[in-house]
Each structure stands twice: as C-alpha cells, then as structure tokens.
Amino acid sequence: MKKPAICGGTPVRDTKIFYGHQYIDDDDIKAVVDVMKSDYLTCGPKIAELEQKLCRVTGAKYAVVCSNGTAALHIAALAAGVQPGDEVITTPITFAASANCALYCGAKPVFADINEETYNIDPACVEALTTKKTKAVVAVDYTGQSVELDRLLAHCHKNNIVLIEDGAHVIGTRYNGKFNGSIADMTTLSFHPVKTVTCGEGGAVLTNSEAFYKKLLLYRSHGITRDETQMEHEPDGSWYYEQIALGYNYRMTDMQAALLISQLDKLPAFSKRRKEIVKAYNEAFSKLPQLVVQKEIPESDTTRHLYILRLNSDRLTIGRKEFFDALAAENVCCNVHYIPTYCFPYYEKLGYHRGLCPKAEKLYEEIISLPLYYAMSDQDVQDVIEAVTKIAEYYKA
C-alpha cells in the first residue's frame with residue numbers, strides 16, 4: 001500500500017520555526033537611535049568607523065561598505081576591470097548576483113561545476129574553463145565554508161586573473177587560521193537579515209590592495225572624488241569635487257552602519273552558537289543512511305550561514321518536494337539554496353542550458369536548508385532533529 005504524502009500523527013512542534021532569523025538586542029536598537037538623534041543619517045562618521053571595525057575583525061587592510069551584497073559584487077567586478085568581451089567564472093549553486101555582476105559589466109558568466117562533497121566550486125573545473133578571456137573568478141563560500149583559496153589564488157595569479165571571493169555567507173570563518181576577507185584579491189560580504197550579522201541590508205568589499213580600494217570608493221559613490229591627487233583640474237575651493245568615473249549610488253546609511261557595528265560585537269557569540277547547532281545536526285543526521293551531511297575541508301574553520309541537508313534518494317521512497325512538505329507539516333519551515341543560476345529563464349534566453357554542471361544540478365534536486373540561527377534554543381534544535389528523523393525513517397526505502 002502506498003504511504004501518504006505526509007507523515008501522520010501529531011506534529012513535532014505546535015509553533016513554526018523558521019529557517020533563518022535575525023537577532024536584535026537593546027544595544028543594537030540604542031546604536032541606531034543614537035544615530036537618528038545625531039547630525040548625520042548618511043555619509044557620516046559611522047561609515048568610517050564600521051570600515052575600520054571590519055578591517056579589525058577580518059584582518060583586511062581596506063574595507064568599503066555599500067548598500068547590499070549585490071552592489072559589493074558589482075563594484076568588485078568593476079574594480080577588477082571586468083568589461084564587455086571578458087569572461088567571469090563562477091558557480092551555479094549561489095544566489096543569482098554572483099553571476100549577474102558579470103552581466104552588469106557586459107561580460108559573460110561561465111559556470112564551473114562543484115565538488116560533490118563540499119558543494120563549493122571545484123578548482124579543477126575553474127582551471128579547465130579558463131581562457132584568455134577570463135578576467136575574474138567569483139568563488140562563493142557556499143554555506144559559510146571557505147572555498148579552496150590556496151589553489152584558486154595560485155591559478156588566478158598565474159593567469160593574471162582577479163579572484164573575487166563572494167563571501168556573502170562567510171563572515172566569522174577562518175581559512176588556515178586567517179579570517180576570510182584577508183586572503184583573496186577582493187572579498188564581498190552581505191548583511192541581509194538571515195546572515196550571521198545584519199544591518200537590514202548592506203554589503204562590503206574587503207581587500208589588501210590600495211589600487212582596488214581607491215577604485216571601490218569611486219564606484220560606490222557616483223565616481224566622484226574630493227581627493228586632489230585624483231583630480232584633472234585645479235580646485236576652485238574647498239567645496240570642489242570631480243566625477244572621474246561612472247559610478248553608482250551604492251552608499252550605506254549611518255543608521256545601518258551603527259547597527260552593524262553593534263552586531264559585530266556579537267560575532268564571536270553568533271559563531272559559537274551556530275557551530276553548536278551544526279555539530280548537533282551533524283551528529284544526528286550522519287547516523288541515518290537516508291541523509292548526507294556536507295563535508296568540510298580541514299583548512300576551513302567554518303561559521304555556517306546555512307545548514308544544507310542532502311537527501312540520499314536511493315534510500316528514500318519520496319523526493320525532495322515531499323520531504324520539504326512533510327517538514328512544513330511538522331512546523332519546521334525550510335528553504336532551498338539554490339536553484340542553479342543558469343536554469344532561470346533569463347539565462348536560458350542568453351543561451352545557457354541544463355547539463356552544464358551535472359553535479360550542481362543533481363545537488364539542487366536533493367537539498368534542503370534547515371533552520372540555523374543564533375536564537376534557536378536547544379529545544380528548537382532537538383525539534384528539528386526529531387522532525388527530520390521522523391520523516392527519514394518513515395519514508396526509508
């Protein structure tokens with residue numbers, strides 16, 4: 001007899017638990033209110049304070065904050081010199097912005113397949129896809145686990161390619177003992193509410209290159225400078241400025257900056273709690289042959305933004321959709337990260353097609369993002385484990 005689509009019985013939880021949620025405390029609120037009572041709501045002192053703090057937290061020499069993670073990728077691509085006719089290699093298992101930043105510059109995104117155990121971009125695929133047109137590699141630290149930076153950097157620098165680390169998930173992670181953000185040519189960050197630290201929306205680019213830093217500042221704010229050493233004409237007075245490039249209004253407000261400064265104070269606690277939850281999940285799910293736990297490279301001391309659970313389709317009688325719906329019936333709200341970028345209609349119209357990255361496509365069909373955030377209680381974590389285990393056992397092949 002065919003089993004029902006969703007497990008029977010009483011749900012594990014009476015109330016819903018969401019896959020991600022910000023944590024805002026009184027210190028965060030006070031920081032924002034203080035700015036709202038000050039003279040500057042934007043273009044004020046909190047921007048420089050935040051940039052300095054990001055440098056201290058990550059070890060990067062320079063930081064440029066901006067309006068969101070997509071803006072960070074765009075100005076990083078511009079600073080790298082990406083232009084029409086160039087190619088930019090990235091992964092399909094990411095949010096669309098990782099590839100869109102190439103399109104914004106008139107370049108062509110090229111999709112490299114993933115390592116089927118870590119789910120990060122495979123350096124061997126990057127190497128195989130590199131051509132004379134390759135200008136940059138956008139390598140995504142998927143779920144917060146670092147990409148293989150040593151191998152990617154060696155390949156990129158050998159071929160005069162800029163390595164842009166899309167670190168939207170990675171803040172708090174270390175690679176070989178060094179914080180991500182201080183290693184690649186440029187590293188972009190995102191501060192969306194489901195990320196480890198947040199300011200509502202917001203982004204940043206970290207770099208150790210003064211040349212990249214100066215370009216990033218220009219592209220963030222209309223291509224305008226007040227630096228006399230960059231000007232082509234003699235200033236008329238102290239008010240004088242020049243537009244010397246085509247930039248954008250990608251500025252962050254001081255209110256956002258104040259919130260993020262406060263959030264960064266809690267990064268060690270946020271990181272510690274996320275690691276505790278991941279450890280509990282891994283220990284529980286690695287015992288079930290119906291499930292596959294994401295592998296971690298030894299170089300990466302990971303603060304996870306996402307917890308990805310992979311279903312072993314050979315050991316289950318249901319697919320991902322049915323598993324997802326069954327979890328929802330247990331009041332465990334999940335998500336899926338990500339639909340391969342080139343499968344979207346917009347990319348299909350550009351000539352991309354399924355089959356480009358078979359490992360990535362297979363992964364997408366089998367993954368679910370489970371709840372993971374700082375404020376989860378031990379009971380929340382156990383409820384998620386119980387719900388997943390209940391479904392996996394009920395539908396085991």
# chains A, B, ... in the order shown; residues from 1 in each chain; ligands from 1

$ residues_around --residues "region 350-355 of chain A" --least-positions-apart "3" --cutoff "12 Å" --atoms "only C-alpha atoms" --output "number ranges by chain"
A: 92, 103, 108-113, 339-347, 358-362

$ residues_around --residues "Ile121 (chain A)" --least-positions-apart "6" --cutoff "8 Å" --atoms "only C-alpha atoms" --output "short mmCIF file (atom, residue, chain, number, x, y, z; two decimals) with N, CA and C atoms, in the first residue's frame"
data_model
loop_
_atom_site.label_atom_id
_atom_site.label_comp_id
_atom_site.auth_asym_id
_atom_site.auth_seq_id
_atom_site.Cartn_x
_atom_site.Cartn_y
_atom_site.Cartn_z
N THR A 90 32.18 31.43 -12.35
CA THR A 90 31.56 31.34 -11.03
C THR A 90 30.83 30.01 -10.92
N THR A 91 30.19 29.79 -9.79
CA THR A 91 29.44 28.57 -9.53
C THR A 91 27.96 28.79 -9.81
N ALA A 112 31.22 26.95 -13.53
CA ALA A 112 32.05 25.79 -13.20
C ALA A 112 31.30 24.88 -12.24
N ASP A 113 31.45 23.59 -12.41
CA ASP A 113 30.75 22.63 -11.55
C ASP A 113 31.35 22.62 -10.15
N ILE A 114 30.69 21.89 -9.26
CA ILE A 114 31.04 21.88 -7.84
C ILE A 114 31.74 20.60 -7.43
N ASN A 115 32.38 20.66 -6.28
CA ASN A 115 32.85 19.46 -5.60
C ASN A 115 31.63 18.80 -4.97
N ALA A 139 34.30 33.21 -6.63
CA ALA A 139 34.23 31.93 -5.91
C ALA A 139 33.39 32.13 -4.64
N VAL A 140 32.31 31.38 -4.54
CA VAL A 140 31.34 31.54 -3.45
C VAL A 140 31.66 30.58 -2.30
N VAL A 147 36.00 28.38 0.27
CA VAL A 147 36.49 27.74 -0.94
C VAL A 147 37.97 27.41 -0.76
#

$ atom_distance --atom1 "CA of His305 (chain A)" --atom2 "CA of Asn335 (chain A)"
12.9 Å

$ residues_around --residues "Ser313 (chain A)" --least-positions-apart "3" --cutoff "12 Å" --atoms "only C-alpha atoms" --output "PyMOL selection string"
chain A and resi 289-292+310+316-323+362-363+365-367+392+395-397

$ select_by_dssp --residues "region 116-324 of chain A" --states "strand (DSSP E or B)" --output "ChimeraX atom specification"
/A:121,134-140,162-166,174-175,178-179,186-190,203-207,221,224-225,242-243,249,253,291-293,300-301,307-311,316

$ atom_distance --atom1 "CA of Arg274 (chain A)" --atom2 "CA of Gln382 (chain A)"
14.2 Å

$ residues_around --residues "Arg56 (chain A)" --least-positions-apart "6" --cutoff "12 Å" --atoms "only C-alpha atoms" --output "PyMOL selection string"
chain A and resi 49-50+62-63+179+181-182+206+261+264-265

$ residues_around --residues "Pro268 (chain A)" --least-positions-apart "5" --cutoff "12 Å" --atoms "only C-alpha atoms" --output "list of chain:residue names"
A:Val57, A:Ile171, A:Gly172, A:Thr173, A:Thr196, A:Val197, A:Gln263, A:Arg273, A:Arg274, A:Lys275, A:Thr303, A:Tyr374

$ closest_residue --among "A:Met255, A:Ser262, A:Ser286, A:Ile385" --to "Asp34 (chain A)" --atoms "only C-alpha atoms"
A:Met255

$ select_by_dssp --residues "region 118-317 of chain A" --states "helix (DSSP H, G or I)" --output "ChimeraX atom specification"
/A:123-129,142-144,149-158,210-220,228-230,254-265,267-285,313-315

$ residues_around --residues "Tyr40 (chain A)" --least-positions-apart "3" --cutoff "12 Å" --atoms "only C-alpha atoms" --output "tab-separated table (two decimals) with N, CA, C and O atoms, in the first residue's frame"
chain	number	residue	atom	x	y	z
A	32	VAL	N	21.27	52.42	16.83
A	32	VAL	CA	20.54	53.05	15.73
A	32	VAL	C	19.86	54.33	16.20
A	32	VAL	O	19.91	55.36	15.51
A	33	VAL	N	19.24	54.31	17.37
A	33	VAL	CA	18.56	55.50	17.89
A	33	VAL	C	19.55	56.64	18.11
A	33	VAL	O	19.25	57.82	17.81
A	34	ASP	N	20.74	56.31	18.60
A	34	ASP	CA	21.75	57.35	18.81
A	34	ASP	C	22.09	58.05	17.50
A	34	ASP	O	22.27	59.28	17.48
A	35	VAL	N	22.20	57.31	16.43
A	35	VAL	CA	22.48	57.92	15.12
A	35	VAL	C	21.30	58.77	14.67
A	35	VAL	O	21.47	59.87	14.13
A	36	MET	N	20.08	58.28	14.89
A	36	MET	CA	18.90	59.04	14.47
A	36	MET	C	18.77	60.37	15.21
A	36	MET	O	18.16	61.31	14.71
A	37	LYS	N	19.38	60.46	16.39
A	37	LYS	CA	19.38	61.70	17.15
A	37	LYS	C	20.59	62.58	16.84
A	37	LYS	O	20.71	63.70	17.35
A	43	CYS	N	26.41	59.31	5.05
A	43	CYS	CA	27.69	59.99	4.72
A	43	CYS	C	28.36	60.58	5.95
A	43	CYS	O	29.06	61.58	5.87
A	44	GLY	N	28.12	59.95	7.10
A	44	GLY	CA	28.67	60.47	8.35
A	44	GLY	C	29.78	59.61	8.91
A	44	GLY	O	30.31	58.71	8.24
A	45	PRO	N	30.13	59.83	10.17
A	45	PRO	CA	31.31	59.18	10.78
A	45	PRO	C	31.15	57.68	11.01
A	45	PRO	O	32.16	56.98	11.17
A	46	LYS	N	29.92	57.19	11.08
A	46	LYS	CA	29.74	55.76	11.35
A	46	LYS	C	30.24	54.89	10.20
A	46	LYS	O	30.58	53.72	10.41
A	47	ILE	N	30.29	55.43	8.99
A	47	ILE	CA	30.75	54.65	7.84
A	47	ILE	C	32.23	54.30	8.02
A	47	ILE	O	32.63	53.13	7.91
A	253	THR	N	23.81	53.76	4.79
A	253	THR	CA	23.47	54.84	5.72
A	253	THR	C	24.20	54.66	7.05
A	253	THR	O	24.64	53.56	7.40
A	254	ASP	N	24.31	55.75	7.81
A	254	ASP	CA	24.93	55.67	9.13
A	254	ASP	C	24.08	54.85	10.10
A	254	ASP	O	24.61	54.23	11.02
A	255	MET	N	22.76	54.83	9.89
A	255	MET	CA	21.91	54.01	10.75
A	255	MET	C	22.23	52.53	10.57
A	255	MET	O	22.34	51.78	11.55
A	256	GLN	N	22.40	52.11	9.32
A	256	GLN	CA	22.78	50.72	9.06
A	256	GLN	C	24.17	50.43	9.63
A	256	GLN	O	24.40	49.36	10.22
A	257	ALA	N	25.08	51.36	9.43
A	257	ALA	CA	26.45	51.16	9.91
A	257	ALA	C	26.48	51.00	11.42
A	257	ALA	O	27.18	50.14	11.96
A	258	ALA	N	25.71	51.81	12.13
A	258	ALA	CA	25.67	51.71	13.60
A	258	ALA	C	25.14	50.35	14.04
A	258	ALA	O	25.67	49.75	14.99
